>>> print(open('run_31.cif').read())   # mmCIF, C-alpha atoms, pLDDT in the B column; chains and numbers go by the auth columns
data_my_file
loop_
_atom_site.group_PDB
_atom_site.id
_atom_site.type_symbol
_atom_site.label_atom_id
_atom_site.label_comp_id
_atom_site.label_asym_id
_atom_site.label_seq_id
_atom_site.Cartn_x
_atom_site.Cartn_y
_atom_site.Cartn_z
_atom_site.B_iso_or_equiv
_atom_site.auth_seq_id
_atom_site.auth_asym_id
ATOM 1 C CA MET A 1 -5.875 -27.291 9.933 38.00 1 A
ATOM 2 C CA PRO A 2 -3.090 -24.724 9.407 44.00 2 A
ATOM 3 C CA LEU A 3 -4.072 -21.224 8.392 47.00 3 A
ATOM 4 C CA PHE A 4 -1.288 -21.016 5.818 48.00 4 A
ATOM 5 C CA SER A 5 0.860 -23.605 4.096 51.00 5 A
ATOM 6 C CA GLY A 6 1.806 -25.419 7.299 53.00 6 A
ATOM 7 C CA LEU A 7 4.780 -23.176 7.961 48.00 7 A
ATOM 8 C CA PRO A 8 5.226 -21.807 11.468 51.00 8 A
ATOM 9 C CA PHE A 9 3.920 -18.217 11.630 50.00 9 A
ATOM 10 C CA GLU A 10 7.457 -16.837 12.088 52.00 10 A
ATOM 11 C CA ARG A 11 8.474 -18.400 8.752 57.00 11 A
ATOM 12 C CA ILE A 12 5.536 -16.916 6.827 81.00 12 A
ATOM 13 C CA PHE A 13 6.397 -13.283 7.662 85.00 13 A
ATOM 14 C CA GLU A 14 10.105 -13.204 8.351 90.00 14 A
ATOM 15 C CA GLU A 15 11.915 -9.892 8.805 93.00 15 A
ATOM 16 C CA VAL A 16 15.123 -9.862 6.779 94.00 16 A
ATOM 17 C CA SER A 17 17.901 -7.413 5.992 94.00 17 A
ATOM 18 C CA LEU A 18 18.730 -6.091 2.527 94.00 18 A
ATOM 19 C CA GLU A 19 21.831 -8.294 2.540 95.00 19 A
ATOM 20 C CA GLU A 20 19.680 -11.398 3.132 95.00 20 A
ATOM 21 C CA CYS A 21 17.493 -10.713 0.085 95.00 21 A
ATOM 22 C CA PRO A 22 18.156 -12.502 -3.210 94.00 22 A
ATOM 23 C CA ASP A 23 20.315 -10.342 -5.507 96.00 23 A
ATOM 24 C CA LYS A 24 17.449 -9.546 -7.915 96.00 24 A
ATOM 25 C CA VAL A 25 15.219 -8.460 -5.015 96.00 25 A
ATOM 26 C CA ALA A 26 17.959 -6.262 -3.521 95.00 26 A
ATOM 27 C CA GLU A 27 18.562 -4.653 -6.937 95.00 27 A
ATOM 28 C CA SER A 28 14.834 -3.953 -7.350 94.00 28 A
ATOM 29 C CA ILE A 29 14.667 -2.426 -3.868 94.00 29 A
ATOM 30 C CA GLU A 30 17.633 -0.171 -4.642 91.00 30 A
ATOM 31 C CA ARG A 31 16.079 0.860 -7.988 91.00 31 A
ATOM 32 C CA ASN A 32 12.763 1.801 -6.348 87.00 32 A
ATOM 33 C CA LEU A 33 14.144 3.290 -3.137 82.00 33 A
ATOM 34 C CA SER A 34 14.527 6.847 -4.446 73.00 34 A
ATOM 35 C CA SER A 35 15.891 8.952 -1.617 80.00 35 A
ATOM 36 C CA GLY A 36 14.092 6.951 1.067 86.00 36 A
ATOM 37 C CA ARG A 37 15.310 4.861 3.961 91.00 37 A
ATOM 38 C CA ILE A 38 14.356 1.200 4.394 94.00 38 A
ATOM 39 C CA GLU A 39 12.297 0.777 7.555 95.00 39 A
ATOM 40 C CA ARG A 40 11.870 -2.992 7.249 95.00 40 A
ATOM 41 C CA ILE A 41 11.757 -5.857 4.807 96.00 41 A
ATOM 42 C CA LEU A 42 9.468 -8.842 5.253 95.00 42 A
ATOM 43 C CA ALA A 43 9.942 -12.066 3.320 94.00 43 A
ATOM 44 C CA VAL A 44 6.419 -13.451 2.855 91.00 44 A
ATOM 45 C CA ARG A 45 6.540 -17.162 2.168 83.00 45 A
ATOM 46 C CA GLY A 46 3.016 -18.366 2.973 72.00 46 A
ATOM 47 C CA SER A 47 1.727 -18.224 -0.591 67.00 47 A
ATOM 48 C CA ARG A 48 2.605 -20.155 -3.741 74.00 48 A
ATOM 49 C CA ARG A 49 4.694 -17.268 -5.000 81.00 49 A
ATOM 50 C CA PRO A 50 6.880 -15.840 -2.236 85.00 50 A
ATOM 51 C CA TYR A 51 7.446 -12.101 -2.282 92.00 51 A
ATOM 52 C CA PHE A 52 9.126 -9.343 -0.304 96.00 52 A
ATOM 53 C CA PHE A 53 7.267 -6.468 1.333 95.00 53 A
ATOM 54 C CA VAL A 54 9.411 -3.360 1.856 96.00 54 A
ATOM 55 C CA GLU A 55 8.465 -0.319 3.941 95.00 55 A
ATOM 56 C CA VAL A 56 10.351 2.837 2.996 93.00 56 A
ATOM 57 C CA ALA A 57 10.395 6.133 4.905 92.00 57 A
ATOM 58 C CA LEU A 58 10.497 9.097 2.517 85.00 58 A
ATOM 59 C CA ALA A 59 10.928 12.821 3.108 80.00 59 A
ATOM 60 C CA ASP A 60 8.163 14.810 4.808 79.00 60 A
ATOM 61 C CA ARG A 61 6.928 11.765 6.779 79.00 61 A
ATOM 62 C CA HIS A 62 5.671 10.092 3.600 83.00 62 A
ATOM 63 C CA VAL A 63 5.735 6.299 3.465 88.00 63 A
ATOM 64 C CA CYS A 64 6.156 4.009 0.481 92.00 64 A
ATOM 65 C CA LYS A 65 5.439 0.267 0.442 95.00 65 A
ATOM 66 C CA LEU A 66 6.910 -1.976 -2.213 96.00 66 A
ATOM 67 C CA GLN A 67 5.849 -5.516 -3.029 95.00 67 A
ATOM 68 C CA ILE A 68 8.560 -7.343 -4.981 96.00 68 A
ATOM 69 C CA SER A 69 8.521 -10.880 -6.361 95.00 69 A
ATOM 70 C CA GLU A 70 11.236 -13.396 -5.614 93.00 70 A
ATOM 71 C CA GLU A 71 12.507 -12.720 -9.161 94.00 71 A
ATOM 72 C CA GLY A 72 12.921 -8.993 -8.425 95.00 72 A
ATOM 73 C CA VAL A 73 9.818 -7.806 -10.303 95.00 73 A
ATOM 74 C CA LEU A 74 8.002 -4.846 -8.740 94.00 74 A
ATOM 75 C CA ILE A 75 4.431 -6.098 -8.171 94.00 75 A
ATOM 76 C CA SER A 76 3.057 -2.933 -6.609 95.00 76 A
ATOM 77 C CA ARG A 77 4.061 0.369 -5.087 94.00 77 A
ATOM 78 C CA VAL A 78 1.881 2.142 -2.541 95.00 78 A
ATOM 79 C CA ASP A 79 2.677 5.765 -1.726 93.00 79 A
ATOM 80 C CA GLY A 80 0.956 7.491 1.165 93.00 80 A
ATOM 81 C CA ILE A 81 -0.133 10.928 -0.048 94.00 81 A
ATOM 82 C CA ARG A 82 -1.874 14.005 1.322 93.00 82 A
ATOM 83 C CA ARG A 83 -5.321 15.090 0.187 95.00 83 A
ATOM 84 C CA SER A 84 -3.755 18.032 -1.638 95.00 84 A
ATOM 85 C CA GLU A 85 -1.601 15.602 -3.656 95.00 85 A
ATOM 86 C CA LEU A 86 -4.601 13.722 -5.078 97.00 86 A
ATOM 87 C CA PRO A 87 -5.314 14.465 -8.750 97.00 87 A
ATOM 88 C CA GLU A 88 -7.982 17.143 -9.145 97.00 88 A
ATOM 89 C CA THR A 89 -10.446 14.593 -10.572 97.00 89 A
ATOM 90 C CA VAL A 90 -10.071 12.323 -7.519 98.00 90 A
ATOM 91 C CA ARG A 91 -10.140 15.253 -5.085 97.00 91 A
ATOM 92 C CA SER A 92 -13.380 16.447 -6.680 96.00 92 A
ATOM 93 C CA THR A 93 -15.070 13.066 -6.091 97.00 93 A
ATOM 94 C CA VAL A 94 -13.822 12.943 -2.500 97.00 94 A
ATOM 95 C CA THR A 95 -15.157 16.472 -1.895 96.00 95 A
ATOM 96 C CA HIS A 96 -18.719 15.222 -2.485 94.00 96 A
ATOM 97 C CA PHE A 97 -18.315 12.825 0.453 94.00 97 A
ATOM 98 C CA LEU A 98 -16.723 15.525 2.621 95.00 98 A
ATOM 99 C CA LYS A 99 -19.631 17.887 1.965 95.00 99 A
ATOM 100 C CA ALA A 100 -21.970 15.127 3.163 93.00 100 A
ATOM 101 C CA GLY A 101 -20.179 15.098 6.532 93.00 101 A
ATOM 102 C CA ALA A 102 -17.306 12.617 6.107 95.00 102 A
ATOM 103 C CA ARG A 103 -13.815 13.529 7.350 96.00 103 A
ATOM 104 C CA PHE A 104 -10.635 12.797 5.370 97.00 104 A
ATOM 105 C CA ASP A 105 -8.305 10.311 7.109 95.00 105 A
ATOM 106 C CA ALA A 106 -5.714 9.064 4.600 95.00 106 A
ATOM 107 C CA ALA A 107 -4.936 8.410 0.952 97.00 107 A
ATOM 108 C CA ASP A 108 -2.620 6.123 -1.010 96.00 108 A
ATOM 109 C CA ARG A 109 -1.551 6.042 -4.640 96.00 109 A
ATOM 110 C CA VAL A 110 -1.364 2.369 -5.660 96.00 110 A
ATOM 111 C CA CYS A 111 0.602 1.560 -8.810 95.00 111 A
ATOM 112 C CA THR A 112 0.956 -1.819 -10.492 92.00 112 A
ATOM 113 C CA SER A 113 2.164 -2.696 -13.953 88.00 113 A
ATOM 114 C CA MET A 114 -1.495 -2.721 -15.045 90.00 114 A
ATOM 115 C CA SER A 115 -3.083 0.250 -13.282 92.00 115 A
ATOM 116 C CA GLU A 116 -2.954 3.232 -10.988 95.00 116 A
ATOM 117 C CA GLU A 117 -5.611 3.617 -8.299 97.00 117 A
ATOM 118 C CA PHE A 118 -6.203 5.908 -5.381 98.00 118 A
ATOM 119 C CA HIS A 119 -7.360 4.464 -2.073 97.00 119 A
ATOM 120 C CA VAL A 120 -9.000 7.047 0.173 97.00 120 A
ATOM 121 C CA GLU A 121 -10.131 6.466 3.749 97.00 121 A
ATOM 122 C CA LEU A 122 -12.881 8.692 5.147 97.00 122 A
ATOM 123 C CA ASP A 123 -14.220 8.802 8.707 96.00 123 A
ATOM 124 C CA LEU A 124 -18.027 8.697 8.727 94.00 124 A
ATOM 125 C CA GLY A 125 -18.318 8.993 12.518 90.00 125 A
ATOM 126 C CA ASN A 126 -19.923 6.466 14.879 89.00 126 A
ATOM 127 C CA ASN A 127 -16.864 4.175 14.528 91.00 127 A
ATOM 128 C CA LEU A 128 -17.414 3.746 10.799 94.00 128 A
ATOM 129 C CA ASP A 129 -14.929 4.354 7.976 95.00 129 A
ATOM 130 C CA LEU A 130 -15.542 4.494 4.253 96.00 130 A
ATOM 131 C CA HIS A 131 -12.810 3.142 1.981 96.00 131 A
ATOM 132 C CA LEU A 132 -13.009 4.429 -1.580 97.00 132 A
ATOM 133 C CA PHE A 133 -11.037 2.937 -4.465 97.00 133 A
ATOM 134 C CA LEU A 134 -10.905 5.369 -7.400 98.00 134 A
ATOM 135 C CA ASP A 135 -9.241 5.491 -10.804 97.00 135 A
ATOM 136 C CA GLU A 136 -7.260 8.546 -11.927 95.00 136 A
ATOM 137 C CA SER A 137 -10.369 10.094 -13.487 96.00 137 A
ATOM 138 C CA GLY A 138 -12.178 10.089 -10.128 97.00 138 A
ATOM 139 C CA VAL A 139 -14.533 7.179 -10.854 97.00 139 A
ATOM 140 C CA VAL A 140 -15.301 5.079 -7.761 97.00 140 A
ATOM 141 C CA LEU A 141 -14.270 1.525 -8.645 97.00 141 A
ATOM 142 C CA ARG A 142 -15.130 -0.005 -5.260 96.00 142 A
ATOM 143 C CA ARG A 143 -16.221 1.161 -1.855 96.00 143 A
ATOM 144 C CA HIS A 144 -16.386 -0.540 1.530 94.00 144 A
ATOM 145 C CA GLU A 145 -17.721 0.597 4.864 93.00 145 A
ATOM 146 C CA VAL A 146 -15.583 -0.730 7.683 90.00 146 A
ATOM 147 C CA GLY A 147 -16.045 -0.645 11.442 89.00 147 A
ATOM 148 C CA ASP A 148 -13.362 1.482 13.109 68.00 148 A
ATOM 149 C CA PHE A 149 -12.989 -0.232 16.487 67.00 149 A
#
>>> encode(input="run_31.cif", output="C-alpha coordinates")
Amino acid sequence: MPLFSGLPFERIFEEVSLEECPDKVAESIERNLSSGRIERILAVRGSRRPYFFVEVALADRHVCKLQISEEGVLISRVDGIRRSELPETVRSTVTHFLKAGARFDAADRVCTSMSEEFHVELDLGNNLDLHLFLDESGVVLRRHEVGDF
(Lines of atoms letter the chains of each structure in order from A and count residues from 1; the text may use other names and numbers.)
(Lines give C-alpha, C1' and ligand atoms only; values in the text may rest on other atoms or scores of the structure.)
Protein backbone atom coordinates (compact mmCIF):
# COMPACT_ATOMS: atom_id res chain seq x y z
CA MET A 1 0.00 0.00 0.00
CA PRO A 2 1.55 3.35 -1.01
CA LEU A 3 2.38 5.81 1.72
CA PHE A 4 0.99 8.73 -0.27
CA SER A 5 -1.34 8.99 -3.24
CA GLY A 6 0.51 6.39 -5.32
CA LEU A 7 2.89 8.94 -6.79
CA PRO A 8 6.59 8.08 -6.85
CA PHE A 9 8.36 9.79 -3.93
CA GLU A 10 10.24 12.13 -6.30
CA ARG A 11 6.90 13.46 -7.60
CA ILE A 12 5.49 14.16 -4.12
CA PHE A 13 8.30 16.54 -3.10
CA GLU A 14 9.71 17.96 -6.30
CA GLU A 15 12.24 20.79 -6.21
CA VAL A 16 11.30 23.47 -8.71
CA SER A 17 12.57 26.89 -9.76
CA LEU A 18 10.63 30.14 -9.41
CA GLU A 19 10.12 30.11 -13.18
CA GLU A 20 8.48 26.67 -12.99
CA CYS A 21 5.89 27.82 -10.44
CA PRO A 22 2.38 28.80 -11.56
CA ASP A 23 2.13 32.58 -12.06
CA LYS A 24 -0.03 33.13 -8.94
CA VAL A 25 2.44 31.16 -6.80
CA ALA A 26 5.43 33.09 -8.18
CA GLU A 27 3.64 36.40 -7.51
CA SER A 28 2.87 35.34 -3.92
CA ILE A 29 6.49 34.31 -3.38
CA GLU A 30 7.71 37.67 -4.68
CA ARG A 31 5.20 39.53 -2.47
CA ASN A 32 6.33 37.66 0.67
CA LEU A 33 10.04 37.50 -0.11
CA SER A 34 10.96 40.82 1.52
CA SER A 35 14.70 41.27 1.12
CA GLY A 36 15.43 37.55 1.34
CA ARG A 37 16.93 35.08 -1.07
CA ILE A 38 15.11 31.91 -2.17
CA GLU A 39 17.02 28.86 -0.97
CA ARG A 40 14.66 26.29 -2.49
CA ILE A 41 11.11 25.70 -3.59
CA LEU A 42 9.38 22.35 -3.20
CA ALA A 43 6.18 21.50 -5.04
CA VAL A 44 4.29 19.16 -2.68
CA ARG A 45 1.77 17.11 -4.60
CA GLY A 46 1.02 14.17 -2.29
CA SER A 47 -2.09 15.68 -0.73
CA ARG A 48 -5.51 16.58 -2.12
CA ARG A 49 -4.54 20.23 -2.30
CA PRO A 50 -1.04 20.66 -3.74
CA TYR A 51 1.05 23.47 -2.31
CA PHE A 52 4.50 25.00 -2.56
CA PHE A 53 6.98 25.13 0.31
CA VAL A 54 9.53 27.94 0.01
CA GLU A 55 12.66 28.36 2.14
CA VAL A 56 13.99 31.91 2.24
CA ALA A 57 17.32 33.07 3.67
CA LEU A 58 16.99 36.47 5.35
CA ALA A 59 19.56 38.85 6.81
CA ASP A 60 21.41 37.91 10.00
CA ARG A 61 21.13 34.16 9.29
CA HIS A 62 17.36 34.24 9.86
CA VAL A 63 15.23 31.79 7.89
CA CYS A 64 11.66 32.14 6.69
CA LYS A 65 9.47 29.30 5.40
CA LEU A 66 6.42 30.00 3.29
CA GLN A 67 3.62 27.57 2.48
CA ILE A 68 1.63 28.74 -0.55
CA SER A 69 -1.40 27.12 -2.17
CA GLU A 70 -1.55 26.29 -5.85
CA GLU A 71 -3.81 29.36 -6.20
CA GLY A 72 -1.12 31.64 -4.74
CA VAL A 73 -2.69 32.04 -1.28
CA LEU A 74 -0.22 32.29 1.61
CA ILE A 75 -1.19 29.43 3.96
CA SER A 76 1.48 30.02 6.57
CA ARG A 77 4.71 31.86 7.23
CA VAL A 78 7.27 30.57 9.72
CA ASP A 79 10.05 32.93 10.79
CA GLY A 80 12.96 31.63 12.83
CA ILE A 81 13.58 34.12 15.64
CA ARG A 82 15.97 34.59 18.54
CA ARG A 83 14.89 34.33 22.16
CA SER A 84 15.31 38.09 22.52
CA GLU A 85 12.83 38.62 19.66
CA LEU A 86 10.01 36.74 21.42
CA PRO A 87 7.26 38.99 22.81
CA GLU A 88 7.80 39.75 26.49
CA THR A 89 4.74 37.68 27.45
CA VAL A 90 6.09 34.59 25.65
CA ARG A 91 9.63 35.15 26.93
CA SER A 92 8.27 35.33 30.48
CA THR A 93 6.58 31.92 30.14
CA VAL A 94 9.71 30.39 28.62
CA THR A 95 11.81 31.79 31.49
CA HIS A 96 9.89 29.59 33.96
CA PHE A 97 11.09 26.50 32.07
CA LEU A 98 14.65 27.84 31.85
CA LYS A 99 14.75 28.43 35.61
CA ALA A 100 13.75 24.78 36.07
CA GLY A 101 16.87 23.70 34.16
CA ALA A 102 15.81 23.63 30.49
CA ARG A 103 18.07 25.19 27.84
CA PHE A 104 16.74 27.33 24.97
CA ASP A 105 17.33 25.77 21.52
CA ALA A 106 15.17 27.58 18.95
CA ALA A 107 12.01 29.58 18.35
CA ASP A 108 9.68 30.25 15.42
CA ARG A 109 6.91 32.77 14.86
CA VAL A 110 4.15 30.96 12.94
CA CYS A 111 1.57 33.13 11.19
CA THR A 112 -1.54 31.98 9.36
CA SER A 113 -4.58 33.93 8.25
CA MET A 114 -6.27 32.80 11.48
CA SER A 115 -3.58 33.04 14.16
CA GLU A 116 -0.08 33.81 15.32
CA GLU A 117 1.75 31.29 17.49
CA PHE A 118 5.23 30.89 18.84
CA HIS A 119 6.91 27.49 18.74
CA VAL A 120 9.77 27.18 21.21
CA GLU A 121 12.13 24.23 21.49
CA LEU A 122 13.88 23.63 24.82
CA ASP A 123 16.55 21.05 25.63
CA LEU A 124 15.69 19.16 28.82
CA GLY A 125 18.88 17.07 28.81
CA ASN A 126 19.11 13.27 28.64
CA ASN A 127 18.25 13.38 24.90
CA LEU A 128 14.86 14.94 25.56
CA ASP A 129 13.42 18.13 24.05
CA LEU A 130 10.32 20.05 25.05
CA HIS A 131 8.33 21.72 22.28
CA LEU A 132 6.07 24.51 23.49
CA PHE A 133 3.34 26.08 21.36
CA LEU A 134 2.28 29.45 22.80
CA ASP A 135 -0.07 32.25 21.82
CA GLU A 136 1.07 35.88 21.80
CA SER A 137 -0.04 36.34 25.41
CA GLY A 138 2.31 33.57 26.59
CA VAL A 139 -0.35 30.91 27.20
CA VAL A 140 0.88 27.37 26.45
CA LEU A 141 -1.52 25.97 23.86
CA ARG A 142 0.23 22.61 23.44
CA ARG A 143 3.40 20.95 24.60
CA HIS A 144 5.22 17.80 23.51
CA GLU A 145 8.26 16.04 24.86
CA VAL A 146 10.31 14.56 22.05
CA GLY A 147 13.33 12.27 22.08
CA ASP A 148 16.40 14.03 20.69
CA PHE A 149 18.32 11.13 19.13
>>> resolve_selection(input="run_31.cif", expression="the PyMOL selection byres ((chain A and resi 74) around 12)", output="JSON, numbers by chain")
{"A": [24, 25, 26, 27, 28, 29, 30, 31, 32, 33, 51, 52, 53, 54, 65, 66, 67, 68, 69, 70, 71, 72, 73, 75, 76, 77, 78, 111, 112, 113, 114]}
>>> resolve_selection(input="run_31.cif", expression="the PyMOL selection byres ((chain A and resi 34-47) around 8)", output="PDB file with C-alpha atoms, in the frame of the given file")
ATOM      1  CA  PHE A   4      -1.288 -21.016   5.818  1.00 48.00           C
ATOM      2  CA  SER A   5       0.860 -23.605   4.096  1.00 51.00           C
ATOM      3  CA  LEU A   7       4.780 -23.176   7.961  1.00 48.00           C
ATOM      4  CA  ARG A  11       8.474 -18.400   8.752  1.00 57.00           C
ATOM      5  CA  ILE A  12       5.536 -16.916   6.827  1.00 81.00           C
ATOM      6  CA  PHE A  13       6.397 -13.283   7.662  1.00 85.00           C
ATOM      7  CA  GLU A  14      10.105 -13.204   8.351  1.00 90.00           C
ATOM      8  CA  GLU A  15      11.915  -9.892   8.805  1.00 93.00           C
ATOM      9  CA  VAL A  16      15.123  -9.862   6.779  1.00 94.00           C
ATOM     10  CA  SER A  17      17.901  -7.413   5.992  1.00 94.00           C
ATOM     11  CA  LEU A  18      18.730  -6.091   2.527  1.00 94.00           C
ATOM     12  CA  GLU A  30      17.633  -0.171  -4.642  1.00 91.00           C
ATOM     13  CA  ARG A  31      16.079   0.860  -7.988  1.00 91.00           C
ATOM     14  CA  ASN A  32      12.763   1.801  -6.348  1.00 87.00           C
ATOM     15  CA  LEU A  33      14.144   3.290  -3.137  1.00 82.00           C
ATOM     16  CA  ARG A  48       2.605 -20.155  -3.741  1.00 74.00           C
ATOM     17  CA  ARG A  49       4.694 -17.268  -5.000  1.00 81.00           C
ATOM     18  CA  PRO A  50       6.880 -15.840  -2.236  1.00 85.00           C
ATOM     19  CA  TYR A  51       7.446 -12.101  -2.282  1.00 92.00           C
ATOM     20  CA  PHE A  52       9.126  -9.343  -0.304  1.00 96.00           C
ATOM     21  CA  PHE A  53       7.267  -6.468   1.333  1.00 95.00           C
ATOM     22  CA  VAL A  54       9.411  -3.360   1.856  1.00 96.00           C
ATOM     23  CA  GLU A  55       8.465  -0.319   3.941  1.00 95.00           C
ATOM     24  CA  VAL A  56      10.351   2.837   2.996  1.00 93.00           C
ATOM     25  CA  ALA A  57      10.395   6.133   4.905  1.00 92.00           C
ATOM     26  CA  LEU A  58      10.497   9.097   2.517  1.00 85.00           C
ATOM     27  CA  ALA A  59      10.928  12.821   3.108  1.00 80.00           C
TER      28      ALA A  59
END
>>> resolve_selection(input="run_31.cif", expression="the PyMOL selection byres ((chain A and resi 118) around 9)", output="PDB file with C-alpha atoms, in the frame of the given file")
ATOM      1  CA  LEU A  86      -4.601  13.722  -5.078  1.00 97.00           C
ATOM      2  CA  VAL A  90     -10.071  12.323  -7.519  1.00 98.00           C
ATOM      3  CA  ALA A 107      -4.936   8.410   0.952  1.00 97.00           C
ATOM      4  CA  ASP A 108      -2.620   6.123  -1.010  1.00 96.00           C
ATOM      5  CA  ARG A 109      -1.551   6.042  -4.640  1.00 96.00           C
ATOM      6  CA  VAL A 110      -1.364   2.369  -5.660  1.00 96.00           C
ATOM      7  CA  CYS A 111       0.602   1.560  -8.810  1.00 95.00           C
ATOM      8  CA  GLU A 116      -2.954   3.232 -10.988  1.00 95.00           C
ATOM      9  CA  GLU A 117      -5.611   3.617  -8.299  1.00 97.00           C
ATOM     10  CA  HIS A 119      -7.360   4.464  -2.073  1.00 97.00           C
ATOM     11  CA  VAL A 120      -9.000   7.047   0.173  1.00 97.00           C
ATOM     12  CA  LEU A 132     -13.009   4.429  -1.580  1.00 97.00           C
ATOM     13  CA  PHE A 133     -11.037   2.937  -4.465  1.00 97.00           C
ATOM     14  CA  LEU A 134     -10.905   5.369  -7.400  1.00 98.00           C
ATOM     15  CA  ASP A 135      -9.241   5.491 -10.804  1.00 97.00           C
ATOM     16  CA  GLU A 136      -7.260   8.546 -11.927  1.00 95.00           C
ATOM     17  CA  GLY A 138     -12.178  10.089 -10.128  1.00 97.00           C
TER      18      GLY A 138
END
>>> atom_distance(input="run_31.cif", atom1="CA of Glu85 (chain A)", atom2="CA of Phe97 (chain A)")
17.4 Å
>>> atom_distance(input="run_31.cif", atom1="CA of Arg103 (chain A)", atom2="CA of Glu121 (chain A)")
8.7 Å
>>> atom_distance(input="run_31.cif", atom1="CA of Val140 (chain A)", atom2="CA of His62 (chain A)")
24.4 Å
>>> residues_around(input="run_31.cif", residues="Leu128 (chain A)", least_positions_apart="6", cutoff="12 Å", atoms="only C-alpha atoms", output="PyMOL selection string")
chain A and resi 102-103+105+121-122+144-149
>>> closest_residue(input="run_31.cif", among="A:Ala100, A:Arg91, A:Ser84, A:Pro22", to="Gly125 (chain A)", atoms="all atoms listed in the file")
A:Ala100
>>> decode(input="run_31.cif", residues="region 104-131 of chain A", atoms="N, CA and C atoms", output="PDB file, in the first residue's frame")
ATOM      1  N   PHE A 104      17.381  26.835  26.187  1.00  0.00           N
ATOM      2  CA  PHE A 104      16.743  27.330  24.966  1.00  0.00           C
ATOM      3  C   PHE A 104      17.486  26.809  23.741  1.00  0.00           C
ATOM      4  N   ASP A 105      16.735  26.245  22.777  1.00  0.00           N
ATOM      5  CA  ASP A 105      17.331  25.773  21.521  1.00  0.00           C
ATOM      6  C   ASP A 105      16.940  26.650  20.332  1.00  0.00           C
ATOM      7  N   ALA A 106      15.631  26.867  20.140  1.00  0.00           N
ATOM      8  CA  ALA A 106      15.174  27.585  18.947  1.00  0.00           C
ATOM      9  C   ALA A 106      13.756  28.096  19.148  1.00  0.00           C
ATOM     10  N   ALA A 107      13.380  29.065  18.308  1.00  0.00           N
ATOM     11  CA  ALA A 107      12.013  29.583  18.347  1.00  0.00           C
ATOM     12  C   ALA A 107      11.590  29.987  16.940  1.00  0.00           C
ATOM     13  N   ASP A 108      10.292  29.846  16.687  1.00  0.00           N
ATOM     14  CA  ASP A 108       9.685  30.254  15.419  1.00  0.00           C
ATOM     15  C   ASP A 108       8.424  31.053  15.699  1.00  0.00           C
ATOM     16  N   ARG A 109       8.200  32.066  14.881  1.00  0.00           N
ATOM     17  CA  ARG A 109       6.910  32.765  14.860  1.00  0.00           C
ATOM     18  C   ARG A 109       6.147  32.159  13.692  1.00  0.00           C
ATOM     19  N   VAL A 110       4.947  31.627  13.962  1.00  0.00           N
ATOM     20  CA  VAL A 110       4.148  30.960  12.942  1.00  0.00           C
ATOM     21  C   VAL A 110       2.876  31.774  12.722  1.00  0.00           C
ATOM     22  N   CYS A 111       2.723  32.301  11.519  1.00  0.00           N
ATOM     23  CA  CYS A 111       1.567  33.134  11.194  1.00  0.00           C
ATOM     24  C   CYS A 111       0.726  32.472  10.111  1.00  0.00           C
ATOM     25  N   THR A 112      -0.565  32.412  10.353  1.00  0.00           N
ATOM     26  CA  THR A 112      -1.541  31.980   9.355  1.00  0.00           C
ATOM     27  C   THR A 112      -2.577  33.092   9.251  1.00  0.00           C
ATOM     28  N   SER A 113      -3.525  32.912   8.375  1.00  0.00           N
ATOM     29  CA  SER A 113      -4.575  33.926   8.255  1.00  0.00           C
ATOM     30  C   SER A 113      -5.441  33.967   9.508  1.00  0.00           C
ATOM     31  N   MET A 114      -5.404  32.905  10.309  1.00  0.00           N
ATOM     32  CA  MET A 114      -6.269  32.796  11.485  1.00  0.00           C
ATOM     33  C   MET A 114      -5.563  33.099  12.804  1.00  0.00           C
ATOM     34  N   SER A 115      -4.234  32.914  12.859  1.00  0.00           N
ATOM     35  CA  SER A 115      -3.579  33.043  14.161  1.00  0.00           C
ATOM     36  C   SER A 115      -2.088  33.338  14.037  1.00  0.00           C
ATOM     37  N   GLU A 116      -1.531  33.676  15.177  1.00  0.00           N
ATOM     38  CA  GLU A 116      -0.080  33.811  15.319  1.00  0.00           C
ATOM     39  C   GLU A 116       0.305  33.010  16.558  1.00  0.00           C
ATOM     40  N   GLU A 117       1.254  32.104  16.386  1.00  0.00           N
ATOM     41  CA  GLU A 117       1.748  31.286  17.491  1.00  0.00           C
ATOM     42  C   GLU A 117       3.258  31.371  17.529  1.00  0.00           C
ATOM     43  N   PHE A 118       3.788  30.976  18.678  1.00  0.00           N
ATOM     44  CA  PHE A 118       5.230  30.892  18.844  1.00  0.00           C
ATOM     45  C   PHE A 118       5.569  29.457  19.222  1.00  0.00           C
ATOM     46  N   HIS A 119       6.462  28.859  18.472  1.00  0.00           N
ATOM     47  CA  HIS A 119       6.906  27.494  18.737  1.00  0.00           C
ATOM     48  C   HIS A 119       8.316  27.592  19.307  1.00  0.00           C
ATOM     49  N   VAL A 120       8.493  27.085  20.516  1.00  0.00           N
ATOM     50  CA  VAL A 120       9.770  27.182  21.209  1.00  0.00           C
ATOM     51  C   VAL A 120      10.265  25.777  21.523  1.00  0.00           C
ATOM     52  N   GLU A 121      11.524  25.522  21.200  1.00  0.00           N
ATOM     53  CA  GLU A 121      12.134  24.225  21.489  1.00  0.00           C
ATOM     54  C   GLU A 121      13.150  24.407  22.610  1.00  0.00           C
ATOM     55  N   LEU A 122      12.985  23.592  23.664  1.00  0.00           N
ATOM     56  CA  LEU A 122      13.876  23.628  24.818  1.00  0.00           C
ATOM     57  C   LEU A 122      14.548  22.270  24.978  1.00  0.00           C
ATOM     58  N   ASP A 123      15.801  22.275  25.357  1.00  0.00           N
ATOM     59  CA  ASP A 123      16.552  21.048  25.630  1.00  0.00           C
ATOM     60  C   ASP A 123      16.418  20.740  27.118  1.00  0.00           C
ATOM     61  N   LEU A 124      15.866  19.563  27.427  1.00  0.00           N
ATOM     62  CA  LEU A 124      15.691  19.163  28.825  1.00  0.00           C
ATOM     63  C   LEU A 124      16.842  18.292  29.325  1.00  0.00           C
ATOM     64  N   GLY A 125      17.791  17.977  28.452  1.00  0.00           N
ATOM     65  CA  GLY A 125      18.881  17.072  28.812  1.00  0.00           C
ATOM     66  C   GLY A 125      18.456  15.627  28.621  1.00  0.00           C
ATOM     67  N   ASN A 126      19.392  14.701  28.787  1.00  0.00           N
ATOM     68  CA  ASN A 126      19.107  13.271  28.638  1.00  0.00           C
ATOM     69  C   ASN A 126      18.390  12.952  27.322  1.00  0.00           C
ATOM     70  N   ASN A 127      18.827  13.601  26.231  1.00  0.00           N
ATOM     71  CA  ASN A 127      18.252  13.376  24.899  1.00  0.00           C
ATOM     72  C   ASN A 127      16.749  13.618  24.839  1.00  0.00           C
ATOM     73  N   LEU A 128      16.280  14.626  25.542  1.00  0.00           N
ATOM     74  CA  LEU A 128      14.859  14.942  25.556  1.00  0.00           C
ATOM     75  C   LEU A 128      14.659  16.435  25.291  1.00  0.00           C
ATOM     76  N   ASP A 129      13.771  16.745  24.366  1.00  0.00           N
ATOM     77  CA  ASP A 129      13.417  18.131  24.051  1.00  0.00           C
ATOM     78  C   ASP A 129      11.969  18.385  24.449  1.00  0.00           C
ATOM     79  N   LEU A 130      11.678  19.622  24.780  1.00  0.00           N
ATOM     80  CA  LEU A 130      10.322  20.048  25.051  1.00  0.00           C
ATOM     81  C   LEU A 130       9.936  21.064  23.985  1.00  0.00           C
ATOM     82  N   HIS A 131       8.842  20.794  23.276  1.00  0.00           N
ATOM     83  CA  HIS A 131       8.331  21.721  22.277  1.00  0.00           C
ATOM     84  C   HIS A 131       7.105  22.402  22.859  1.00  0.00           C
TER      85      HIS A 131
END
